[in-house]
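Q: protein.cif (mmCIF, C-alpha atoms and all ligand atoms; chains and numbers go by the auth columns) pasted underneath:
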data_data
#
loop_
_atom_site.group_PDB
_atom_site.id
_atom_site.type_symbol
_atom_site.label_atom_id
_atom_site.label_comp_id
_atom_site.label_asym_id
_atom_site.label_seq_id
_atom_site.Cartn_x
_atom_site.Cartn_y
_atom_site.Cartn_z
_atom_site.B_iso_or_equiv
_atom_site.auth_seq_id
_atom_site.auth_asym_id
ATOM 1 C CA MET A 1 114.843 78.043 91.381 0.00 7 R
ATOM 2 C CA THR A 2 111.701 76.202 92.316 0.00 8 R
ATOM 3 C CA ALA A 3 108.791 77.137 90.055 0.00 9 R
ATOM 4 C CA ARG A 4 105.807 77.998 92.177 0.00 10 R
ATOM 5 C CA ARG A 5 102.316 78.446 90.770 0.00 11 R
ATOM 6 C CA LYS A 6 100.902 81.839 91.657 0.00 12 R
ATOM 7 C CA LEU A 7 97.750 82.184 93.781 0.00 13 R
ATOM 8 C CA ILE A 8 95.604 85.314 93.597 0.00 14 R
ATOM 9 C CA ALA A 9 93.185 85.168 96.514 0.00 15 R
ATOM 10 C CA GLY A 10 90.422 87.505 97.644 0.00 16 R
ATOM 11 C CA ASN A 11 89.402 87.914 101.279 0.00 17 R
ATOM 12 C CA TRP A 12 85.889 89.324 101.508 0.00 18 R
ATOM 13 C CA LYS A 13 86.084 89.697 105.319 0.00 19 R
ATOM 14 C CA MET A 14 82.641 90.542 106.802 0.00 20 R
ATOM 15 C CA ASN A 15 81.272 91.649 103.433 0.00 21 R
ATOM 16 C CA GLY A 16 78.945 89.851 101.063 0.00 22 R
ATOM 17 C CA LEU A 17 75.275 88.891 100.944 0.00 23 R
ATOM 18 C CA LYS A 18 73.476 86.748 98.374 0.00 24 R
ATOM 19 C CA ALA A 19 73.118 89.878 96.248 0.00 25 R
ATOM 20 C CA GLN A 20 76.906 89.710 95.649 0.00 26 R
ATOM 21 C CA LEU A 21 76.892 86.129 94.282 0.00 27 R
ATOM 22 C CA GLY A 22 76.927 87.626 90.783 0.00 28 R
ATOM 23 C CA GLU A 23 80.416 88.952 91.564 0.00 29 R
ATOM 24 C CA VAL A 24 81.504 85.437 92.581 0.00 30 R
ATOM 25 C CA SER A 25 80.302 84.160 89.189 0.00 31 R
ATOM 26 C CA ALA A 26 82.003 87.014 87.337 0.00 32 R
ATOM 27 C CA ILE A 27 85.296 86.424 89.181 0.00 33 R
ATOM 28 C CA ALA A 28 85.004 82.659 88.534 0.00 34 R
ATOM 29 C CA ALA A 29 84.625 83.410 84.823 0.00 35 R
ATOM 30 C CA LEU A 30 87.859 85.454 84.878 0.00 36 R
ATOM 31 C CA ALA A 31 89.583 82.672 86.827 0.00 37 R
ATOM 32 C CA SER A 32 88.512 80.034 84.302 0.00 38 R
ATOM 33 C CA GLU A 33 90.481 81.871 81.607 0.00 39 R
ATOM 34 C CA ARG A 34 93.695 81.442 83.622 0.00 40 R
ATOM 35 C CA THR A 35 94.805 77.816 83.756 0.00 41 R
ATOM 36 C CA ASP A 36 98.369 78.970 84.562 0.00 42 R
ATOM 37 C CA ILE A 37 97.545 80.376 88.026 0.00 43 R
ATOM 38 C CA ASP A 38 95.240 79.593 90.952 0.00 44 R
ATOM 39 C CA VAL A 39 92.475 81.990 91.953 0.00 45 R
ATOM 40 C CA GLY A 40 90.529 81.817 95.205 0.00 46 R
ATOM 41 C CA LEU A 41 87.889 83.665 97.207 0.00 47 R
ATOM 42 C CA PHE A 42 87.717 83.461 101.003 0.00 48 R
ATOM 43 C CA LEU A 43 84.091 84.239 101.732 0.00 49 R
ATOM 44 C CA PRO A 44 81.868 84.714 104.776 0.00 50 R
ATOM 45 C CA ALA A 45 80.828 81.219 105.943 0.00 51 R
ATOM 46 C CA THR A 46 77.199 82.049 105.190 0.00 52 R
ATOM 47 C CA LEU A 47 77.919 82.413 101.451 0.00 53 R
ATOM 48 C CA ILE A 48 80.036 79.300 100.894 0.00 54 R
ATOM 49 C CA ALA A 49 77.260 76.811 100.112 0.00 55 R
ATOM 50 C CA ALA A 50 75.708 79.170 97.576 0.00 56 R
ATOM 51 C CA ALA A 51 79.044 80.214 96.068 0.00 57 R
ATOM 52 C CA ALA A 52 80.661 76.781 95.692 0.00 58 R
ATOM 53 C CA PRO A 53 78.492 75.623 92.747 0.00 59 R
ATOM 54 C CA LEU A 54 79.335 78.872 90.900 0.00 60 R
ATOM 55 C CA ALA A 55 83.093 78.614 91.338 0.00 61 R
ATOM 56 C CA GLY A 56 84.265 76.137 88.690 0.00 62 R
ATOM 57 C CA ALA A 57 87.985 75.538 89.238 0.00 63 R
ATOM 58 C CA MET A 58 88.295 78.597 91.499 0.00 64 R
ATOM 59 C CA LEU A 59 88.979 77.849 95.168 0.00 65 R
ATOM 60 C CA ILE A 60 86.236 78.834 97.605 0.00 66 R
ATOM 61 C CA GLY A 61 87.372 79.089 101.204 0.00 67 R
ATOM 62 C CA GLY A 62 86.335 80.184 104.672 0.00 68 R
ATOM 63 C CA GLN A 63 88.145 82.857 106.700 0.00 69 R
ATOM 64 C CA ASP A 64 88.772 80.909 109.902 0.00 70 R
ATOM 65 C CA CYS A 65 87.983 77.559 111.490 0.00 71 R
ATOM 66 C CA HIS A 66 88.034 76.283 115.059 0.00 72 R
ATOM 67 C CA ALA A 67 90.869 74.082 116.310 0.00 73 R
ATOM 68 C CA GLN A 68 88.423 71.508 117.752 0.00 74 R
ATOM 69 C CA ASP A 69 86.262 69.151 115.682 0.00 75 R
ATOM 70 C CA SER A 70 83.011 70.206 117.357 0.00 76 R
ATOM 71 C CA GLY A 71 81.590 71.156 120.727 0.00 77 R
ATOM 72 C CA ALA A 72 80.471 73.984 122.976 0.00 78 R
ATOM 73 C CA PHE A 73 82.026 76.898 121.077 0.00 79 R
ATOM 74 C CA THR A 74 79.135 79.253 120.420 0.00 80 R
ATOM 75 C CA GLY A 75 79.477 81.241 117.239 0.00 81 R
ATOM 76 C CA ASN A 76 82.461 79.349 115.846 0.00 82 R
ATOM 77 C CA VAL A 77 82.677 77.401 112.595 0.00 83 R
ATOM 78 C CA SER A 78 84.436 74.029 112.373 0.00 84 R
ATOM 79 C CA ALA A 79 86.628 72.764 109.547 0.00 85 R
ATOM 80 C CA ALA A 80 84.127 69.953 108.873 0.00 86 R
ATOM 81 C CA MET A 81 81.352 72.552 108.509 0.00 87 R
ATOM 82 C CA LEU A 82 83.407 74.455 105.927 0.00 88 R
ATOM 83 C CA THR A 83 84.146 71.261 104.002 0.00 89 R
ATOM 84 C CA GLU A 84 80.496 70.196 104.047 0.00 90 R
ATOM 85 C CA ALA A 85 79.408 73.633 102.830 0.00 91 R
ATOM 86 C CA GLY A 86 81.648 73.178 99.788 0.00 92 R
ATOM 87 C CA ALA A 87 84.820 75.028 100.794 0.00 93 R
ATOM 88 C CA GLY A 88 88.157 73.750 99.562 0.00 94 R
ATOM 89 C CA GLY A 89 90.258 75.885 101.870 0.00 95 R
ATOM 90 C CA THR A 90 90.417 78.419 104.657 0.00 96 R
ATOM 91 C CA LEU A 91 92.440 81.360 105.903 0.00 97 R
ATOM 92 C CA VAL A 92 93.913 81.113 109.389 0.00 98 R
ATOM 93 C CA GLY A 93 95.691 83.677 111.528 0.00 99 R
ATOM 94 C CA HIS A 94 94.541 86.810 109.720 0.00 100 R
ATOM 95 C CA SER A 95 95.794 89.837 111.645 0.00 101 R
ATOM 96 C CA GLU A 96 92.217 90.971 112.277 0.00 102 R
ATOM 97 C CA ARG A 97 91.601 87.690 114.118 0.00 103 R
ATOM 98 C CA ARG A 98 94.918 87.859 115.947 0.00 104 R
ATOM 99 C CA GLN A 99 93.974 91.418 117.025 0.00 105 R
ATOM 100 C CA TYR A 100 90.221 91.260 117.711 0.00 106 R
ATOM 101 C CA GLN A 101 89.866 87.580 118.697 0.00 107 R
ATOM 102 C CA HIS A 102 93.236 87.473 120.484 0.00 108 R
ATOM 103 C CA GLU A 103 94.407 84.409 118.563 0.00 109 R
ATOM 104 C CA SER A 104 97.946 83.327 119.381 0.00 110 R
ATOM 105 C CA SER A 105 100.349 81.695 116.947 0.00 111 R
ATOM 106 C CA ALA A 106 99.805 78.391 118.793 0.00 112 R
ATOM 107 C CA ASP A 107 96.036 78.767 118.185 0.00 113 R
ATOM 108 C CA VAL A 108 96.721 79.465 114.515 0.00 114 R
ATOM 109 C CA ALA A 109 98.939 76.377 114.165 0.00 115 R
ATOM 110 C CA ALA A 110 96.214 74.213 115.742 0.00 116 R
ATOM 111 C CA LYS A 111 93.549 75.653 113.424 0.00 117 R
ATOM 112 C CA ALA A 112 95.726 75.026 110.360 0.00 118 R
ATOM 113 C CA ALA A 113 96.342 71.411 111.386 0.00 119 R
ATOM 114 C CA LYS A 114 92.617 70.843 111.967 0.00 120 R
ATOM 115 C CA ALA A 115 91.727 72.389 108.609 0.00 121 R
ATOM 116 C CA HIS A 116 94.189 70.079 106.856 0.00 122 R
ATOM 117 C CA GLU A 117 92.802 67.071 108.734 0.00 123 R
ATOM 118 C CA HIS A 118 89.418 67.883 107.149 0.00 124 R
ATOM 119 C CA GLY A 119 90.838 68.186 103.655 0.00 125 R
ATOM 120 C CA LEU A 120 91.065 71.973 103.407 0.00 126 R
ATOM 121 C CA SER A 121 93.988 73.858 101.919 0.00 127 R
ATOM 122 C CA VAL A 122 95.215 76.627 104.204 0.00 128 R
ATOM 123 C CA VAL A 123 96.478 80.176 103.745 0.00 129 R
ATOM 124 C CA LEU A 124 98.300 81.111 106.961 0.00 130 R
ATOM 125 C CA CYS A 125 98.645 84.866 107.541 0.00 131 R
ATOM 126 C CA ILE A 126 101.475 86.636 109.353 0.00 132 R
ATOM 127 C CA GLY A 127 102.714 90.209 109.571 0.00 133 R
ATOM 128 C CA GLU A 128 104.110 92.956 111.774 0.00 134 R
ATOM 129 C CA THR A 129 102.471 96.073 113.184 0.00 135 R
ATOM 130 C CA LEU A 130 103.659 99.588 112.369 0.00 136 R
ATOM 131 C CA GLU A 131 105.223 99.781 115.819 0.00 137 R
ATOM 132 C CA THR A 132 107.423 96.764 115.060 0.00 138 R
ATOM 133 C CA ARG A 133 108.290 97.996 111.552 0.00 139 R
ATOM 134 C CA GLU A 134 109.390 101.329 112.983 0.00 140 R
ATOM 135 C CA GLN A 135 111.982 99.509 115.101 0.00 141 R
ATOM 136 C CA GLY A 136 113.826 98.746 111.852 0.00 142 R
ATOM 137 C CA ASP A 137 113.770 96.237 109.024 0.00 143 R
ATOM 138 C CA ASP A 138 115.919 93.629 110.802 0.00 144 R
ATOM 139 C CA ILE A 139 113.631 93.656 113.850 0.00 145 R
ATOM 140 C CA ALA A 140 110.579 93.361 111.574 0.00 146 R
ATOM 141 C CA HIS A 141 112.104 90.434 109.625 0.00 147 R
ATOM 142 C CA GLY A 142 112.979 88.626 112.850 0.00 148 R
ATOM 143 C CA PHE A 143 109.537 89.238 114.339 0.00 149 R
ATOM 144 C CA VAL A 144 107.628 87.916 111.319 0.00 150 R
ATOM 145 C CA ALA A 145 109.967 84.935 110.813 0.00 151 R
ATOM 146 C CA ASP A 146 109.450 83.982 114.487 0.00 152 R
ATOM 147 C CA GLN A 147 105.675 84.418 114.093 0.00 153 R
ATOM 148 C CA LEU A 148 105.773 82.162 111.026 0.00 154 R
ATOM 149 C CA ILE A 149 107.667 79.389 112.803 0.00 155 R
ATOM 150 C CA ALA A 150 105.374 79.620 115.863 0.00 156 R
ATOM 151 C CA SER A 151 102.293 79.414 113.591 0.00 157 R
ATOM 152 C CA LEU A 152 103.472 76.517 111.399 0.00 158 R
ATOM 153 C CA PRO A 153 101.305 73.436 111.968 0.00 159 R
ATOM 154 C CA GLU A 154 102.753 69.986 112.427 0.00 160 R
ATOM 155 C CA GLY A 155 103.288 68.332 109.049 0.00 161 R
ATOM 156 C CA ALA A 156 103.327 71.692 107.250 0.00 162 R
ATOM 157 C CA ASP A 157 103.651 70.980 103.542 0.00 163 R
ATOM 158 C CA PRO A 158 103.405 73.099 100.390 0.00 164 R
ATOM 159 C CA SER A 159 100.853 70.684 98.902 0.00 165 R
ATOM 160 C CA TRP A 160 98.224 72.202 101.216 0.00 166 R
ATOM 161 C CA LEU A 161 99.776 75.181 102.979 0.00 167 R
ATOM 162 C CA THR A 162 100.465 78.701 101.643 0.00 168 R
ATOM 163 C CA ILE A 163 101.902 81.607 103.645 0.00 169 R
ATOM 164 C CA ALA A 164 100.568 85.159 103.312 0.00 170 R
ATOM 165 C CA TYR A 165 102.759 88.021 104.513 0.00 171 R
ATOM 166 C CA GLU A 166 100.502 90.958 105.352 0.00 172 R
ATOM 167 C CA PRO A 167 102.033 93.922 107.168 0.00 173 R
ATOM 168 C CA VAL A 168 99.295 95.147 109.523 0.00 174 R
ATOM 169 C CA TRP A 169 100.117 98.767 108.628 0.00 175 R
ATOM 170 C CA ALA A 170 99.334 98.052 104.957 0.00 176 R
ATOM 171 C CA ILE A 171 95.946 96.354 105.453 0.00 177 R
ATOM 172 C CA GLY A 172 93.045 98.526 104.396 0.00 178 R
ATOM 173 C CA THR A 173 95.174 101.659 104.682 0.00 179 R
ATOM 174 C CA GLY A 174 96.106 102.216 101.037 0.00 180 R
ATOM 175 C CA LYS A 175 99.771 102.049 102.160 0.00 181 R
ATOM 176 C CA VAL A 176 101.449 99.272 100.201 0.00 182 R
ATOM 177 C CA ALA A 177 104.857 97.987 101.250 0.00 183 R
ATOM 178 C CA THR A 178 107.428 98.804 98.561 0.00 184 R
ATOM 179 C CA PRO A 179 108.588 95.996 96.252 0.00 185 R
ATOM 180 C CA SER A 180 112.003 96.090 97.952 0.00 186 R
ATOM 181 C CA GLN A 181 110.443 95.871 101.453 0.00 187 R
ATOM 182 C CA ILE A 182 108.314 92.946 100.255 0.00 188 R
ATOM 183 C CA ALA A 183 111.241 91.162 98.591 0.00 189 R
ATOM 184 C CA ALA A 184 113.434 91.577 101.688 0.00 190 R
ATOM 185 C CA MET A 185 110.740 90.191 104.010 0.00 191 R
ATOM 186 C CA HIS A 186 109.907 87.284 101.691 0.00 192 R
ATOM 187 C CA ALA A 187 113.619 86.419 101.432 0.00 193 R
ATOM 188 C CA ALA A 188 113.841 86.288 105.240 0.00 194 R
ATOM 189 C CA LEU A 189 110.706 84.105 105.380 0.00 195 R
ATOM 190 C CA ARG A 190 112.107 81.801 102.679 0.00 196 R
ATOM 191 C CA VAL A 191 115.258 81.282 104.774 0.00 197 R
ATOM 192 C CA ALA A 192 113.094 80.490 107.817 0.00 198 R
ATOM 193 C CA LEU A 193 110.946 78.013 105.827 0.00 199 R
ATOM 194 C CA VAL A 194 113.981 76.197 104.404 0.00 200 R
ATOM 195 C CA LYS A 195 115.499 75.992 107.883 0.00 201 R
ATOM 196 C CA ALA A 196 112.259 74.622 109.390 0.00 202 R
ATOM 197 C CA LEU A 197 111.129 72.280 106.592 0.00 203 R
ATOM 198 C CA GLY A 198 114.253 71.499 104.575 0.00 204 R
ATOM 199 C CA ASP A 199 115.233 72.538 101.063 0.00 205 R
ATOM 200 C CA GLY A 200 112.463 70.879 99.043 0.00 206 R
ATOM 201 C CA PRO A 201 109.313 71.860 100.935 0.00 207 R
ATOM 202 C CA GLY A 202 110.842 75.117 102.186 0.00 208 R
ATOM 203 C CA ASN A 203 111.490 76.299 98.634 0.00 209 R
ATOM 204 C CA ALA A 204 108.209 74.973 97.237 0.00 210 R
ATOM 205 C CA MET A 205 105.933 76.732 99.729 0.00 211 R
ATOM 206 C CA ARG A 206 104.187 79.783 98.303 0.00 212 R
ATOM 207 C CA ILE A 207 104.493 83.142 100.030 0.00 213 R
ATOM 208 C CA LEU A 208 101.776 85.648 99.087 0.00 214 R
ATOM 209 C CA TYR A 209 101.832 89.365 99.797 0.00 215 R
ATOM 210 C CA GLY A 210 98.756 91.148 101.124 0.00 216 R
ATOM 211 C CA GLY A 211 97.956 94.719 102.144 0.00 217 R
ATOM 212 C CA SER A 212 96.258 97.302 99.910 0.00 218 R
ATOM 213 C CA VAL A 213 96.975 95.376 96.704 0.00 219 R
ATOM 214 C CA SER A 214 95.051 96.945 93.805 0.00 220 R
ATOM 215 C CA GLY A 215 95.005 96.942 90.041 0.00 221 R
ATOM 216 C CA ASP A 216 97.380 99.905 90.129 0.00 222 R
ATOM 217 C CA ASN A 217 100.167 98.261 92.139 0.00 223 R
ATOM 218 C CA ALA A 218 99.607 94.523 91.490 0.00 224 R
ATOM 219 C CA ALA A 219 102.186 94.207 88.696 0.00 225 R
ATOM 220 C CA ASP A 220 104.939 95.765 90.844 0.00 226 R
ATOM 221 C CA VAL A 221 104.038 93.648 93.877 0.00 227 R
ATOM 222 C CA LEU A 222 103.739 90.390 91.931 0.00 228 R
ATOM 223 C CA HIS A 223 107.061 90.839 90.163 0.00 229 R
ATOM 224 C CA ALA A 224 109.026 91.249 93.406 0.00 230 R
ATOM 225 C CA ASP A 225 111.353 88.315 94.193 0.00 231 R
ATOM 226 C CA ASN A 226 109.795 85.403 96.089 0.00 232 R
ATOM 227 C CA VAL A 227 106.257 86.784 95.709 0.00 233 R
ATOM 228 C CA ASP A 228 104.008 83.893 94.721 0.00 234 R
ATOM 229 C CA GLY A 229 100.717 85.732 94.609 0.00 235 R
ATOM 230 C CA ALA A 230 98.533 88.151 96.498 0.00 236 R
ATOM 231 C CA LEU A 231 95.897 88.132 99.226 0.00 237 R
ATOM 232 C CA VAL A 232 93.504 90.964 98.447 0.00 238 R
ATOM 233 C CA GLY A 233 90.833 92.493 100.673 0.00 239 R
ATOM 234 C CA GLY A 234 88.933 95.547 99.465 0.00 240 R
ATOM 235 C CA ALA A 235 89.872 95.155 95.810 0.00 241 R
ATOM 236 C CA SER A 236 88.535 91.572 95.662 0.00 242 R
ATOM 237 C CA LEU A 237 84.894 92.504 96.267 0.00 243 R
ATOM 238 C CA SER A 238 84.063 93.038 92.597 0.00 244 R
ATOM 239 C CA ALA A 239 85.198 91.500 89.313 0.00 245 R
ATOM 240 C CA ALA A 240 85.857 95.017 88.019 0.00 246 R
ATOM 241 C CA LYS A 241 88.510 95.620 90.713 0.00 247 R
ATOM 242 C CA PHE A 242 89.807 92.062 91.103 0.00 248 R
ATOM 243 C CA GLY A 243 90.079 91.378 87.367 0.00 249 R
ATOM 244 C CA PRO A 244 93.105 93.646 86.793 0.00 250 R
ATOM 245 C CA ILE A 245 94.926 91.966 89.706 0.00 251 R
ATOM 246 C CA ILE A 246 94.275 88.510 88.230 0.00 252 R
ATOM 247 C CA ALA A 247 95.447 89.848 84.863 0.00 253 R
ATOM 248 C CA ALA A 248 98.669 91.184 86.408 0.00 254 R
ATOM 249 C CA ALA A 249 99.681 87.718 87.677 0.00 255 R
HETATM 250 P P1 LIG B . 93.271 94.967 101.922 0.00 301 Q
HETATM 251 O O1 LIG B . 93.186 93.682 102.869 0.00 301 Q
HETATM 252 O O2 LIG B . 93.643 94.460 100.535 0.00 301 Q
HETATM 253 O O3 LIG B . 91.904 95.581 101.952 0.00 301 Q
HETATM 254 O O4 LIG B . 94.337 95.850 102.480 0.00 301 Q
HETATM 255 C C1 LIG B . 94.076 92.615 102.731 0.00 301 Q
HETATM 256 C C2 LIG B . 93.783 91.557 103.770 0.00 301 Q
HETATM 257 O O5 LIG B . 93.467 91.905 104.923 0.00 301 Q
HETATM 258 O O6 LIG B . 93.847 90.344 103.486 0.00 301 Q
#
What's the structure tokens form of this structure?
Ligand code: PGA

A:
Amino acid sequence: MTARRKLIAGNWKMNGLKAQLGEVSAIAALASERTDIDVGLFLPATLIAAAAPLAGAMLIGGQDCHAQDSGAFTGNVSAAMLTEAGAGGTLVGHSERRQYQHESSADVAAKAAKAHEHGLSVVLCIGETLETREQGDDIAHGFVADQLIASLPEGADPSWLTIAYEPVWAIGTGKVATPSQIAAMHAALRVALVKALGDGPGNAMRILYGGSVSGDNAADVLHADNVDGALVGGASLSAAKFGPIIAAA
């Protein structure tokens, strides 16, 4: 089995003002005690420049970037802007962006490629809605595997790309997928990655789980087969809540 280094990542979404930079420092201090795993925080773009000098070895990332280098795209943030602000990575394809900004998998693939071109590592998010899950596990596995392949950027490689499986019905709802549901989905995604990228890169690419991960369920989630870390929303906003998840890895 390929040994994959775990990544515990927080996604602050549209939360966080300068007053919360103390939490970034406190989480960075917890991260610095763990040389055996990676820890990251995906912050609002406005906080990155202030947070980066506090982060130590912890990854600081943005939550999205545009697929073009620059231009007339009011309100968007480019990959070069994230890099210049001090980010080392970015999320792409989060379900909230797919839903509210109508991003397609082709858009997500283009964003991931652009982020990599500017030296950012990328966490690419995928996941099914409740409606799809209710059609049965096989349908859900097929849907998410297809979404993964359609979202994979050209040159996808585990040295800079990580996948995050986040069932939409588990995000912010307190409903966590069961360890067996997670393991079954991650196994299906592993098969799809090996088929698309070949044995080496397909097995080396990390697959995180996200959706209502907390200190209470992190150990169960992280010990499921093929789970290489977690992407955490609500419970990443403070060191007090995020610390137990880092400790469980
Ligand atoms: P949640 O969010 O942990 O608050 O469910 C996870 C995510 O959207 O990345």

Q: On this structure, which residues satisfy the PyMOL selection byres (((chain R and resi 146) around 10) and not hetatm), written as a list in words?

A: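 Answer for the PyMOL selection byres (((chain R and resi 146) around 10) and not hetatm): Gly133, Glu134, Thr135, Leu136, Glu137, Thr138, Arg139, Glu140, Gln141, Gly142, Asp143, Asp144, Ile145, His147, Gly148, Phe149, Val150, Ala151, Asp152, Pro173 and Met191 of chain R.
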
Q: Rank R:Glu160, R:Ala115, R:Val174, R:Ala37 by their smallest atom-to-atom distance to Pro250 of chain R, using all atoms listed in the file, and report the top residue only.

A: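 Looking at the shortest contact to Pro250 of chain R, the residue is R:Ala37.
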
Q: Could I get the residue neighbourhood of ligand LIG 301 (chain Q) at 10 Å, counting only C-alpha atoms and all ligand atoms, as an MDAnalysis selection string?

A: chainID R and resid 15:19 48 69 97 100:102 131 170:182 215:220 236:243

Q: Please report the interatomic distance between atom CA of Gln107 of chain R and atom CA of Gly81 of chain R in Å with one decimal.

A: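 Calculated distance between atom CA of Gln107 of chain R and atom CA of Gly81 of chain R is 12.3 Å.
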
Q: Enter the distance from atom CA of Trp166 of chain R to atom CA of Val128 of chain R, in Å, rounded to one decimal.

A: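 Computing it gives 6.1 Å between the two atoms.
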
Q: If you measure from atom CA of Ile132 of chain R to atom CA of Leu214 of chain R, what distance in Å do you get, rounded to one decimal?

A: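 The value is 10.3 Å.
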
Q: Show which residues sit within 12 Å of Lys120 of chain R, as a PDB file with C-alpha atoms, in the coordinates of the input. Count only C-alpha atoms, and ignore same-chain residues fewer than 2 positions away.

A:
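Generated file (selection.pdb):
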ATOM      1  CA  ASP R  70      88.772  80.909 109.902  1.00  0.00           C
ATOM      2  CA  CYS R  71      87.983  77.559 111.490  1.00  0.00           C
ATOM      3  CA  HIS R  72      88.034  76.283 115.059  1.00  0.00           C
ATOM      4  CA  ALA R  73      90.869  74.082 116.310  1.00  0.00           C
ATOM      5  CA  GLN R  74      88.423  71.508 117.752  1.00  0.00           C
ATOM      6  CA  ASP R  75      86.262  69.151 115.682  1.00  0.00           C
ATOM      7  CA  SER R  76      83.011  70.206 117.357  1.00  0.00           C
ATOM      8  CA  VAL R  83      82.677  77.401 112.595  1.00  0.00           C
ATOM      9  CA  SER R  84      84.436  74.029 112.373  1.00  0.00           C
ATOM     10  CA  ALA R  85      86.628  72.764 109.547  1.00  0.00           C
ATOM     11  CA  ALA R  86      84.127  69.953 108.873  1.00  0.00           C
ATOM     12  CA  MET R  87      81.352  72.552 108.509  1.00  0.00           C
ATOM     13  CA  LEU R  88      83.407  74.455 105.927  1.00  0.00           C
ATOM     14  CA  THR R  89      84.146  71.261 104.002  1.00  0.00           C
ATOM     15  CA  GLY R  95      90.258  75.885 101.870  1.00  0.00           C
ATOM     16  CA  THR R  96      90.417  78.419 104.657  1.00  0.00           C
ATOM     17  CA  VAL R  98      93.913  81.113 109.389  1.00  0.00           C
ATOM     18  CA  ASP R 113      96.036  78.767 118.185  1.00  0.00           C
ATOM     19  CA  VAL R 114      96.721  79.465 114.515  1.00  0.00           C
ATOM     20  CA  ALA R 115      98.939  76.377 114.165  1.00  0.00           C
ATOM     21  CA  ALA R 116      96.214  74.213 115.742  1.00  0.00           C
ATOM     22  CA  LYS R 117      93.549  75.653 113.424  1.00  0.00           C
ATOM     23  CA  ALA R 118      95.726  75.026 110.360  1.00  0.00           C
ATOM     24  CA  HIS R 122      94.189  70.079 106.856  1.00  0.00           C
ATOM     25  CA  GLU R 123      92.802  67.071 108.734  1.00  0.00           C
ATOM     26  CA  HIS R 124      89.418  67.883 107.149  1.00  0.00           C
ATOM     27  CA  GLY R 125      90.838  68.186 103.655  1.00  0.00           C
ATOM     28  CA  LEU R 126      91.065  71.973 103.407  1.00  0.00           C
ATOM     29  CA  SER R 127      93.988  73.858 101.919  1.00  0.00           C
ATOM     30  CA  VAL R 128      95.215  76.627 104.204  1.00  0.00           C
ATOM     31  CA  PRO R 159     101.305  73.436 111.968  1.00  0.00           C
ATOM     32  CA  GLU R 160     102.753  69.986 112.427  1.00  0.00           C
ATOM     33  CA  GLY R 161     103.288  68.332 109.049  1.00  0.00           C
ATOM     34  CA  ALA R 162     103.327  71.692 107.250  1.00  0.00           C
TER      35      ALA R 162
END

Q: For Lys24 of chain R, which residue out of R:Ala210, R:Leu53, R:Ala183, R:Met64 is the nearest one, using only C-alpha atoms?

A: R:Leu53
